[in-house]
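*Asks:* Handing you this structure, nothing more for now.
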Amino acid sequence: MYRLLTAVLLLLTVARMQGQRVGVVLSGGGATAMTHIGVLKALEENGIPIDCITGSSMGALVGALYASGYSPAEMDSLFRTDLYRIMAEGGTEARHTYYFKQDRPDASLINLRFDVDTLIQTSLPTNLRSPALLDFEQMRGFAPAAAASGYDLDSLFVPFRCVASDITAQRSVVFRKGDLALAVRASMSYPFYFKPIRVDGHLMMDGGLYNNFPSDVMYSDFFPDLIIGSNVSSNSSPPNEDDLVSQLRAMMQEPTNFSVICENGVIIEPRTEVSLFDFSDPGRAIDDGYRAAQERMPEILAQIHTRADPDRLRALRRAFRARMPALLFDQVSIVGLRRSATRYASRVVDRSGKPLEAENLKRAYFRLLADHNIAFLHPRATFNAATSRYDLTLTAKRQKRLEVRFGGMFSSRPINTGMVALRYNLFGARISRAGPFLLRQVLHRRPGALRADLPRAPLYLEPVFALQRWDYFSSFSTFFDEVQPSFVVMKETWGGLNAGMGMGNKGLLRFDAKVAETRDSYYQTDAFTGRDTSDVTYFDYGTSGLMLTRNSLNRKQHPNAGEALSLCIRGYSGKERTVAGSTQTEPGQRFLDQHDWFSVKAQWDQYLLPRGKVRFGVLAEGVYSTMPMFQNYTASIIRAPAFEPTPESRTYFMEQFRAPKYIAGGLRSIIAVARERLDLRLEGYVFQPYEPIVRGEGNEGTTAPAFTERYYIGSGSLIYQSPIGPVWFNLSYFDQLREPWAWSLNFGYILFNQRQHE
């Protein structure tokens with residue numbers, strides 16, 4: 001009897017040893033959780049079987065990739081790609097950024113949105129990063145695995161669980177069935193970083209709020225013999241009365257038990273210098289996780305009875321992937337919009353009855369998302385066994401109708417500018433918007449526009465009008481100096497029509513026709529007094545132009561990557577009326593003349609070595625114009641094209657950098673002092689007019705011999721890209737000025753609205 005009992009116990013022990021189940025738990029932790037990939041890599045290399053996996057937040061993403069059949073080596077390669085970096089930073093790939101859908105860059109710093117019927121309730125941003133690319137790529141990557149599992153997370157390559165925080169019911173939620181992409185997206189919706197998402201009517205946020213290390217879920221759902229945990233998180237410190245973030249964290253986050261519940265368990269705690277939101281160097285985090293796992297490997301191996309066969313593991317991955325249906329979409333439905341808006345959105349993604357491949361869908365997805373009336377778009381793919389294709393549901397949320405933008409420029413020089421812009425969004429069968437309407441100070445502008453976009457063709461029509469004023473001072477004063485009166489004041493009133501057509505996703509072909517009136521007040525010398533009267537030149541004219549542009553610059557001011565190409569052909573026809581002021585030789589004299597001319601302008605702006613600490617840029621610009629001389633030298637200079645290669649140069653009226661015909665260009669060096677936040681920017685330019693305008697007898701405008709003059713601009717800036725806008729110190733050199741050196745400390749954007757000749 002004793003021998004029989006011993007034999008039974010021995011058989012049970014052997015059976016348990018052979019059927020040993022190993023579970024892996026992955027914590028949240030933002031970018032630091034990329035160390036989990038290194039941990040999984042070390043486990044597989046040492047033959048540690050992974051029979052089930054659970055994760056929270058970023059750990060949910062890594063765990064879901066493993067459960068979908070990705071090997072650690074494949075995950076390593078994926079996380080090192082530009083696609084993943086752009087996705088993590090909330091950006092959009094250059095090839096899916098639609099330039100023709102974008103507004104002309106303005107000086108806005110803060111955007112607020114309202115619903116007209118609830119004006120008191122503003123909409124502050126709930127996320128710092130756009131989840132659009134993340135949502136699409138998760139749908140694209142996880143939909144086939146979810147279909148192969150029959151939407152049962154137990155039937156993935158390895159059984160998987162992830163947790164999210166239901167802030168509607170204020171509880172932790174465990175995903176066991178359903179859409180894998182949706183479950184992972186819910187688990188990693190970090191507060192204020194990515195927008196929360198609704199699942200079955202409940203608003204879901206980051207799983208780490210209530211359970212950042214789901215070892216309890218691992219134990220209760222899978223009951224493994226051994227739990228291996230990878231943890232890069234800890235409970236927060238007590239809140240501080242002077243730290244708002246710590247107070248919000250204490251209100252939202254519940255303490256997590258960072259331990260394994262079962263008797264047998266090992267917790268690996270990788271240490272890395274990668275910070276919470278720094279996704280720029282995944283290789284370092286992955287390597288740190290790998291080293292940490294290898295240090296604990298003797299302890300893990302001592303508890304493993306049977307090693308995993310790598311050949312069998314690869315065969316199992318291939319078999320699981322073979323079950324994944326190809327990602328081909330059949331039915332597309334859009335929910336969340338009103339009927340007319342749904343018709344417009346449906347036409348954007350219309351595929352004329354043909355099956356839609358993922359890449360074609362991606363183009364339509366981002367084109368629809370580029371519209372200002374779309375605030376949020378989430379794709380969800382569901383496999384239809386009857387058609388062997390996927391049905392796609394796009395959940396859309398329209399943008400609030402009224403948008404208010406605040407911005408401007410705050411400077412130590414007298415160029416301070418305030419900006420308020422209003423936009424009213426109309427969303428229907430043809431998407432349209434009214435605005436922006438802007439009010440500014442110092443350089444006064446009141447432009448407005450209406451725009452209508454066609455849904456299928458990349459075409460738009462935009463009636464525009466503007467009343468604008470430009471004041472230029474006769475000194476380069478700083479904030480501490482007395483500002484002299486304006487010596488040039490330009491006023492312009494114009495209206496017309498812009499018609500644009502997208503040329504690919506980065507190009508725009510635009511035709512415009514305008515009727516304009518300008519009133520330029522100026523003095524013929526900077527030694528004027530308050531008793532002097534200015535010369536005044538009126539110019540009533542019509543202008544039309546054709547412009548071809550291509551733009552992929554990464555910032556609206558101080559870019560350090562991308563390129564911009566433009567070619568513009570424009571014609572002018574109008575009548576000049578000039579009244580001489582007291583600084584002229586014959587005050588009060590009136591002059592009338594008819595002027596007709598055309599101009600061609602080409603510009604190339606290119607940045608090289610887009611990644612790395614040192615980057616270079618090149619700018620080339622050329623203008624050919626048949627512009628005739630106006631009544632006097634200053635009137636001619638005001639009308640002549642200007643070379644303004646730096647933000648600071650656009651705030652000066654510099655006669656020597658204006659000419660009807662010129663070539664110009666320069667080089668830029670950008671040194672990334674602190675990654676993408678702090679740049680040292682050094683620039684040098686040369687301006688070569690063909691026949692420069694010079695002052696003749698009686699202040700008339702005339703031309704000097706060809707290539708007799710040449711001028712230079714130098715600029716050095718230290719620029720900090722704050723979350724709101726750039727802060728920079730600049731030192732500039734402008735050749736042939738009475739005071740060629742100028743410095744300034746600035747916050748905001750030096751960006752001006754469209755002018756009548758643009």
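Residues are referred to by chain and number: the chain letter is A, B, ... according to the order shown in the structure tokens, the number counts from 1 in that chain, and ligands are numbered separately from 1 in the order shown.
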Within 10 Å of Arg615 of chain A, counting only C-alpha atoms, which residues show up once you throw out same-chain ones fewer than 3 positions away? Write them as a PDB file with N, CA, C and O atoms, in the first residue's frame, please.

*Replies:*
ATOM      1  N   ASN A 560      13.180  72.652 -38.151  1.00  0.00           N
ATOM      2  CA  ASN A 560      14.500  72.026 -38.258  1.00  0.00           C
ATOM      3  C   ASN A 560      14.452  70.724 -39.055  1.00  0.00           C
ATOM      4  O   ASN A 560      15.412  69.965 -39.047  1.00  0.00           O
ATOM      5  N   ALA A 561      13.326  70.473 -39.739  1.00  0.00           N
ATOM      6  CA  ALA A 561      13.201  69.286 -40.582  1.00  0.00           C
ATOM      7  C   ALA A 561      12.149  69.555 -41.646  1.00  0.00           C
ATOM      8  O   ALA A 561      11.232  70.359 -41.455  1.00  0.00           O
ATOM      9  N   TYR A 607      15.814  71.260 -45.201  1.00  0.00           N
ATOM     10  CA  TYR A 607      16.599  70.893 -44.026  1.00  0.00           C
ATOM     11  C   TYR A 607      17.153  69.487 -44.229  1.00  0.00           C
ATOM     12  O   TYR A 607      16.436  68.574 -44.649  1.00  0.00           O
ATOM     13  N   LEU A 608      18.426  69.335 -43.918  1.00  0.00           N
ATOM     14  CA  LEU A 608      19.134  68.080 -44.110  1.00  0.00           C
ATOM     15  C   LEU A 608      19.412  67.433 -42.766  1.00  0.00           C
ATOM     16  O   LEU A 608      19.359  68.090 -41.721  1.00  0.00           O
ATOM     17  N   LEU A 609      19.707  66.139 -42.800  1.00  0.00           N
ATOM     18  CA  LEU A 609      19.989  65.373 -41.575  1.00  0.00           C
ATOM     19  C   LEU A 609      18.885  65.595 -40.539  1.00  0.00           C
ATOM     20  O   LEU A 609      19.113  66.184 -39.479  1.00  0.00           O
ATOM     21  N   PRO A 610      17.653  65.140 -40.822  1.00  0.00           N
ATOM     22  CA  PRO A 610      16.521  65.445 -39.940  1.00  0.00           C
ATOM     23  C   PRO A 610      16.613  64.847 -38.555  1.00  0.00           C
ATOM     24  O   PRO A 610      15.850  65.218 -37.676  1.00  0.00           O
ATOM     25  N   ARG A 611      17.524  63.907 -38.338  1.00  0.00           N
ATOM     26  CA  ARG A 611      17.690  63.328 -37.013  1.00  0.00           C
ATOM     27  C   ARG A 611      19.138  63.511 -36.575  1.00  0.00           C
ATOM     28  O   ARG A 611      20.051  63.530 -37.366  1.00  0.00           O
ATOM     29  N   GLY A 612      19.327  63.636 -35.286  1.00  0.00           N
ATOM     30  CA  GLY A 612      20.667  63.857 -34.771  1.00  0.00           C
ATOM     31  C   GLY A 612      20.782  65.205 -34.102  1.00  0.00           C
ATOM     32  O   GLY A 612      19.887  66.049 -34.172  1.00  0.00           O
ATOM     33  N   ARG A 668      21.962  77.375 -42.830  1.00  0.00           N
ATOM     34  CA  ARG A 668      21.557  77.328 -41.440  1.00  0.00           C
ATOM     35  C   ARG A 668      22.202  76.129 -40.767  1.00  0.00           C
ATOM     36  O   ARG A 668      22.285  75.057 -41.355  1.00  0.00           O
ATOM     37  N   SER A 669      22.610  76.326 -39.538  1.00  0.00           N
ATOM     38  CA  SER A 669      23.098  75.226 -38.700  1.00  0.00           C
ATOM     39  C   SER A 669      22.255  75.196 -37.440  1.00  0.00           C
ATOM     40  O   SER A 669      22.088  76.231 -36.786  1.00  0.00           O
ATOM     41  N   ILE A 670      21.712  74.031 -37.121  1.00  0.00           N
ATOM     42  CA  ILE A 670      20.878  73.876 -35.936  1.00  0.00           C
ATOM     43  C   ILE A 670      21.500  72.814 -35.052  1.00  0.00           C
ATOM     44  O   ILE A 670      21.700  71.677 -35.485  1.00  0.00           O
ATOM     45  N   ILE A 671      21.814  73.186 -33.837  1.00  0.00           N
ATOM     46  CA  ILE A 671      22.403  72.263 -32.869  1.00  0.00           C
ATOM     47  C   ILE A 671      21.357  71.980 -31.801  1.00  0.00           C
ATOM     48  O   ILE A 671      20.880  72.905 -31.133  1.00  0.00           O
ATOM     49  N   ALA A 672      20.969  70.715 -31.668  1.00  0.00           N
ATOM     50  CA  ALA A 672      19.971  70.328 -30.674  1.00  0.00           C
ATOM     51  C   ALA A 672      20.662  70.267 -29.312  1.00  0.00           C
ATOM     52  O   ALA A 672      21.315  69.283 -28.976  1.00  0.00           O
ATOM     53  N   ARG A 681      20.505  78.028 -33.070  1.00  0.00           N
ATOM     54  CA  ARG A 681      20.293  78.193 -34.509  1.00  0.00           C
ATOM     55  C   ARG A 681      21.201  79.311 -35.024  1.00  0.00           C
ATOM     56  O   ARG A 681      21.113  80.459 -34.559  1.00  0.00           O
TER      57      ARG A 681
END

*Asks:* Which neighbours of Arg296 of chain A fall inside 8 Å, counting only C-alpha atoms, when residues of the same chain fewer than 4 positions from it are skipped, and could you give them as a list in words?

*Replies:*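 Selected residues are Ile268, Ala292 and Ile300 of chain A.
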
*Asks:* Report as a list of chain:residue names all protein, DNA and RNA residues lying within 8 Å of Ser732 of chain A, evaluated on only C-alpha atoms, omitting residues in the same chain fewer than 2 positions from it.

*Replies:* A:Glu648, A:Ile713, A:Gly714, A:Ser715, A:Gly716, A:Asn730, A:Phe734, A:Pro740, A:Trp741, A:Ala742, A:Trp743

*Asks:* Leaving out Ala60 of chain A and any residue of its chain fewer than 3 positions from it, which residues lie within 9 Å of it when counting only C-alpha atoms, given as a list in words?

*Replies:*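 The contact residues come out as Leu26, Ser27, Gly28, Thr54, Gly55, Ser56, Ser57, Gly63, Ala64, Leu65, Arg161, Cys162, Val163, Ala183, Val184, Arg185, Ser187, Met188 and Gly207 of chain A.
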
*Asks:* Given only C-alpha atoms as the basis, pick out the residue of A:Asn746, A:Ser636, A:Ser717, A:Ser599 nearest to Thr703 of chain A.

*Replies:* A:Ser636

*Asks:* For each of A:Leu461, A:Ser388, A:Gln756, A:Val349, take the minimum atom-to-atom distance to Asp540 of chain A, counting only C-alpha atoms, then give the residue where this is smallest.

*Replies:*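 Closest candidate: A:Gln756.
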
*Asks:* When you draw a straight line from atom CA of Gly684 of chain A to atom CA of His558 of chain A, how long is it in Å?

*Replies:*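 About the pair atom CA of Gly684 of chain A and atom CA of His558 of chain A: they are 14.4 Å apart.
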
*Asks:* What is the distance between atom CA of Arg590 of chain A and atom CA of Met654 of chain A, in Å to one decimal?

*Replies:* 26.4 Å

*Asks:* Segment 72-78 of chain A: which residues within 9 Å, counting only C-alpha atoms, same-chain residues fewer than 3 positions away excluded, as a PDB file with C-alpha atoms, in the first residue's frame?

*Replies:*
ATOM      1  CA  ILE A  37      10.609  43.857 -24.531  1.00  0.00           C
ATOM      2  CA  GLY A  38      14.135  43.190 -23.314  1.00  0.00           C
ATOM      3  CA  VAL A  39      12.758  41.046 -20.494  1.00  0.00           C
ATOM      4  CA  LEU A  40      10.712  38.922 -22.923  1.00  0.00           C
ATOM      5  CA  LYS A  41      13.738  38.655 -25.201  1.00  0.00           C
ATOM      6  CA  ALA A  42      15.873  37.292 -22.356  1.00  0.00           C
ATOM      7  CA  GLU A  44      12.814  33.355 -24.788  1.00  0.00           C
ATOM      8  CA  VAL A  62       3.791  44.891 -25.158  1.00  0.00           C
ATOM      9  CA  LEU A  65       1.950  42.203 -29.270  1.00  0.00           C
ATOM     10  CA  TYR A  66       3.426  39.012 -27.792  1.00  0.00           C
ATOM     11  CA  THR A  81      11.058  52.461 -36.367  1.00  0.00           C
ATOM     12  CA  ASP A  82      10.146  56.060 -37.178  1.00  0.00           C
ATOM     13  CA  LEU A  83       6.515  54.935 -37.400  1.00  0.00           C
ATOM     14  CA  TYR A  84       6.481  53.899 -33.758  1.00  0.00           C
ATOM     15  CA  PRO A 282      13.780  52.586 -27.312  1.00  0.00           C
ATOM     16  CA  GLY A 283      16.999  50.646 -27.797  1.00  0.00           C
ATOM     17  CA  ILE A 286      15.101  47.438 -24.266  1.00  0.00           C
TER      18      ILE A 286
END

*Asks:* So, counting only C-alpha atoms, which residue among A:Leu678, A:Ala132, A:Val536, A:Ile86 is closest to Leu369 of chain A?

*Replies:*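 Looking at the shortest contact to Leu369 of chain A, the residue is A:Ala132.
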
*Asks:* I need the residues of segment 92-191 of chain A that end up classed as strand (DSSP E or B) by DSSP on the backbone, written out as a list in words.

*Replies:*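 Residues of segment 92-191 of chain A classed as strand (DSSP E or B): Ser108, Leu109, Ile110, Asn111, Leu112, Arg113, Phe114, Thr122, Ser123, Asn127, Asp152, Phe160, Arg161, Cys162, Val163, Ala164, Ser165, Asp166, Arg171, Ser172, Val173, Val174, Phe175 and Lys177 of chain A.
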